[in-house]
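> Sending over a structure as structure tokens; questions will come in a sec.
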Amino acid sequence: MENNNPNLEKIKNMVLQLPSLCGVYLWKNTKGETLYIGKAVNIRSRLLSYFHDTSIKTQALLSHAATVDCIVVKNEYEALLLENNLIKEYTPVYNIQLKDHKTYPLIRITNEDYPRIFKTRQKINDGSLYFGPYPDAKRIDSYLKIISQLFKLRKCRSIPLRKRKEPCIYYHMYQCWAPCRNKVDPVKYNREVEQVMNLLKGDIHSFVQQLSNKMEEASLTQQYEAAAQYRDAIHALKIVEEDQIVQDNTEISRDYLADVGNQYNYRFVILPMRNGKMLQKVSFCIETASNDHEVLEEFILRYYTSLPKDSLPKVVFMESIPQTTTLEYFFKETQKINIQFKHPLDSRDLSLLRMALSNATLDLAHDNHREGALDELQEILNLPKLPRRIEGFDIAQLSGYFTVASLVSFWNGLPDYNNYRTFRMRSLSQGEINDFKSLSEAVARRFTKLTNEGLPLPDLLIIDGGKGQLSAVLSVLAALGVADKVSVISLAKREEEIFVPHRAKPIVLKRNSAALRLCQAIRDETHRVATSHNKKLRGGILALTRLENVPGIGPTRAKRLLMQYGSLQAIIRQDPINVAHVAKISVDAAHEVIEEVQRLCEASEENTEENLPPITNSSEE
């Protein structure tokens with residue numbers, strides 16, 4: 001199955017920059033929506049395998065993919081937990097039939113005089129303590145087996161404890177203290193429960209030391225069976241010693257904030273824990289002239305004041321904390337919420353902060369790679385400054401109709417979706433095909449707006465085309481008086497030649513050039529946006545024409561219905577009373593309209609091409 005996604009080469013180059021570490025990866029589309037979530041011991045190797053997989057599902061995934069992100073974790077166990085949490089949170093379309101959304105088991109210690117310890121999947125808010133979760137069945141079974149062997153805690157399931165006339169068989173096997181017959185003091189029983197709690201909290205090293213001492217003592221007194229039991233318990237404990245940190249049972253909302261910087265910018269990564277689960281990685285790249293403490297404080301204020309109050313954490317863990325008292329006072333006074341900014345002391349919190357730092361370092365390395373592409377582009381094109389803001393234009397049309405232009409904007413080598421724009425051509429007559437004229441109009445409208453409103457101009461403009469397109473754009477910029485303020489190049493598809501002003505021969509870069517890959521990515525993105533908008537307009541005019549032909553619906557009612565519901569399919573799903581109200585017709589007539597629209601949709605394809613005039617009104621830039 002051949003894949004026609006123009007972004008594949010760009011994505012592959014992106015994958016080559018990812019680490020060969022354990023973690024979770026997220027395939028995303030052009031809108032930033034998560035398509036698929038997976039885990040891997042080696043993220044880079046696993047993602048590269050997608051490009052050699054010819055299965056239908058993989059090719060379908062790649063055909064919609066635009067980018068891939070990752071979260072690095074400590075081991076495969078954590079990756080499994082994090083993957084499961086993320087899938088539940090985002091329900092990616094390509095995971096639906098591939099992943100089990102079950103809840104992983106916990107170990108529960110009941111809240112009663114003689115607590116019972118057992119495995120459960122259900123969490124009850126009755127004061128019981130929970131440890132886990134444990135996606136590895138061997139791990140939880142190992143814990144419970146050790147607990148059963150070393151502690152004489154009750155195994156009967158009655159809650160609360162039911163008194164018996166005679167103790168059960170576990171008492172006679174020396175595996176239970178028989179609290180059901182009051183044969184153990186509650187203080188002694190709960191002392192063992194505390195030992196189990198310490199074990200489940202991760203204090204395995206000291207417990208292993210205690211067992212080692214008991215094993216030596218048993219061996220010296222020739223109690224070889226007991227010594228072997230201690231030996232096996234020590235071995236099992238060492239297997240499960242490395243615990244996961246991406247999920248716990250701490251209900252306190254908290255963030256783990258790490259930052260790293262270089263001569264270009266800072267990279268901030270936040271790992272939020274909510275309801276005991278890590279559900280995402282928040283990452284920001286910030287360019288600033290501030291020093292380390294200034295930029296950290298500025299980021300904290302800007303980021304946390306932008307969040308809804310109900311999503312703010314109770315605690316933010318950081319390596320270094322600038323003006324803690326001032327920050328806490330600020331949020332208490334302005335946001336009416338208490339946020340503590342702390343350096344972690346607990347080993348679990350320290351591990352999570354190290355994880356955030358590791359991800360920030362990797363993200364910064366990717367930033368540096370993009371900086372390398374920008375540096376190379378500046379050098380090759382002899383630009384006056386680093387092209388941080390790059391904009392690209394392209395034109396799409398169908399036989400002279402539905403002509404549109406797209407504008408995409410990249411900041412620091414990454415798409416800046418909020419600054420994308422589309423244009424409907426106003427200067428062309430019906431059926432006229434003139435890409436030069438269309439491009440000139442789009443560029444004129446864009447730069448007229450920028451200059452009139454005093455907005456910053458892009459550092460570099462990339463045009464899809466050759467010398468002719470470049471000349472057309474330069475003429476427009478000269479007429480607007482900004483030709484000397486904006487650098488412009490054009491990129492021709494056939495030989496990937498770069499045309500620059502005042503130079504007869506084009507620049508031809510090596511295929512593995514980072515600068516060329518960046519230019520290609522921008523050019524391909526402009527083409528995608530222009531083509532998509534062209535198809536959307538065609539679909540809209542076809543729907544309008546079909547709706548106008550429905551008995552009882554003319555041009556005015558057709559426009560009113562489409563403006564309200566957006567598509568023919570949406571009209572079919574409406575209640576006839578609502579359709580009657582919008583179209584200003586009777587309910588009976590609305591029933592007939594809905595039935596007729598449904599017949600139209602079933603009888604014809606929505607993407608049928610017809611020679612129709614372009615829509616005259618425009619909501620674009």
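Following the order of the structure tokens, chains are lettered A, B, ..., residues in each are numbered from 1, and ligands are numbered from 1.
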Name the residues in contact with Ser475 in chain A at a cut-off of 12 Å, using only C-alpha atoms, excluding same-chain residues fewer than 5 positions from it; report them as a ChimeraX atom specification.
/A:436-437,439-441,443-444,468-470,480-484,488,501
> Could you find all residues in range 377-508 of chain A that DSSP calls helix (DSSP H, G or I) from the backbone, and write them as number ranges by chain?
A: 377-381, 417-419, 435-452, 467-479
> Work out how far CA of Trp177 in chain A is from CA of Lys152 in chain A, in Å to one decimal.
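CA of Trp177 in chain A lies at a distance of 5.5 Å from CA of Lys152 in chain A.
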> Do you know which residues are at most 9 Å from Gly261 in chain A counting only C-alpha atoms, after dropping those on the same chain fewer than 4 positions away, and could you put them as number ranges by chain?
A: 265-268, 292, 361, 364
> What's the 12 Å shell around Leu345 in chain A, counting only C-alpha atoms, without same-chain residues fewer than 5 positions away, as a PDB file with C-alpha atoms, in the first residue's frame?

```
ATOM      1  CA  PHE A 317       8.229  20.795  42.819  1.00  0.00           C
ATOM      2  CA  MET A 318      11.334  22.442  41.317  1.00  0.00           C
ATOM      3  CA  GLU A 319      15.107  22.122  41.551  1.00  0.00           C
ATOM      4  CA  LEU A 350      12.952  13.532  43.323  1.00  0.00           C
ATOM      5  CA  SER A 351      12.602  10.795  40.714  1.00  0.00           C
ATOM      6  CA  LEU A 352       9.686  12.569  39.031  1.00  0.00           C
ATOM      7  CA  LEU A 353      11.580  15.849  38.953  1.00  0.00           C
TER       8      LEU A 353
END
```
> Can you measure CA of Arg274 in chain A to CA of Lys314 in chain A for me? One decimal in Å is fine.
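Going from CA of Arg274 in chain A over to CA of Lys314 in chain A, I get 10.2 Å.
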> Residues within 9 Å of Met425 in chain A, please, as a short mmCIF file (atom, residue, chain, number, x, y, z; two decimals) with N, CA and C atoms, in the first residue's frame. Count only C-alpha atoms; anything in the same chain fewer than 6 positions from it doesn't count.

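Writing the result to result08.cif gives the following:
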```cif
data_model
loop_
_atom_site.label_atom_id
_atom_site.label_comp_id
_atom_site.auth_asym_id
_atom_site.auth_seq_id
_atom_site.Cartn_x
_atom_site.Cartn_y
_atom_site.Cartn_z
N PHE A 402 -12.90 28.49 -7.16
CA PHE A 402 -12.53 28.25 -5.75
C PHE A 402 -11.05 28.54 -5.52
N THR A 403 -10.52 29.57 -6.13
CA THR A 403 -9.09 29.89 -5.97
C THR A 403 -8.85 30.46 -4.57
N VAL A 404 -7.90 29.86 -3.88
CA VAL A 404 -7.58 30.29 -2.53
C VAL A 404 -6.06 30.37 -2.38
N ALA A 405 -5.63 31.14 -1.39
CA ALA A 405 -4.21 31.19 -1.02
C ALA A 405 -4.09 30.81 0.44
N SER A 438 -2.95 35.80 -8.28
CA SER A 438 -3.49 35.34 -7.00
C SER A 438 -2.46 35.51 -5.89
N GLU A 441 -2.07 39.16 -4.96
CA GLU A 441 -3.18 39.65 -4.15
C GLU A 441 -3.04 39.21 -2.70
N ALA A 442 -2.72 37.92 -2.50
CA ALA A 442 -2.62 37.39 -1.13
C ALA A 442 -1.49 38.08 -0.36
#
```
> For CA of Met14 in chain A and CA of Asn534 in chain A, determine how far apart the two atoms are, in Å to one decimal place.
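Distance between the two atoms: 28.6 Å.
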> Using only C-alpha atoms, which of A:Asn182, A:Ser406, A:Asn95, A:Thr422 sits nearest Arg523 in chain A?
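Going through A:Asn182, A:Ser406, A:Asn95, A:Thr422 one by one, the smallest distance to Arg523 in chain A is for A:Ser406.
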> Please list as a list in words every residue within 9 Å of Glu496 in chain A, counting only C-alpha atoms and excluding residues in the same chain fewer than 3 positions away.
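Counting only C-alpha atoms, the residues come to Leu491, Ala492, Lys493, Ile507, Val508, Leu509, Arg511, Leu516 and Gln520 of chain A.
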> I want to know what sits within 9 Å of Gln149 in chain A, based on only C-alpha atoms, with residues of the same chain fewer than 4 positions away left out; could you give that as a list of chain:residue names?
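The residues satisfying every condition are A:Leu144, A:Lys145, A:Gln175, A:Gln229, A:Ala233.
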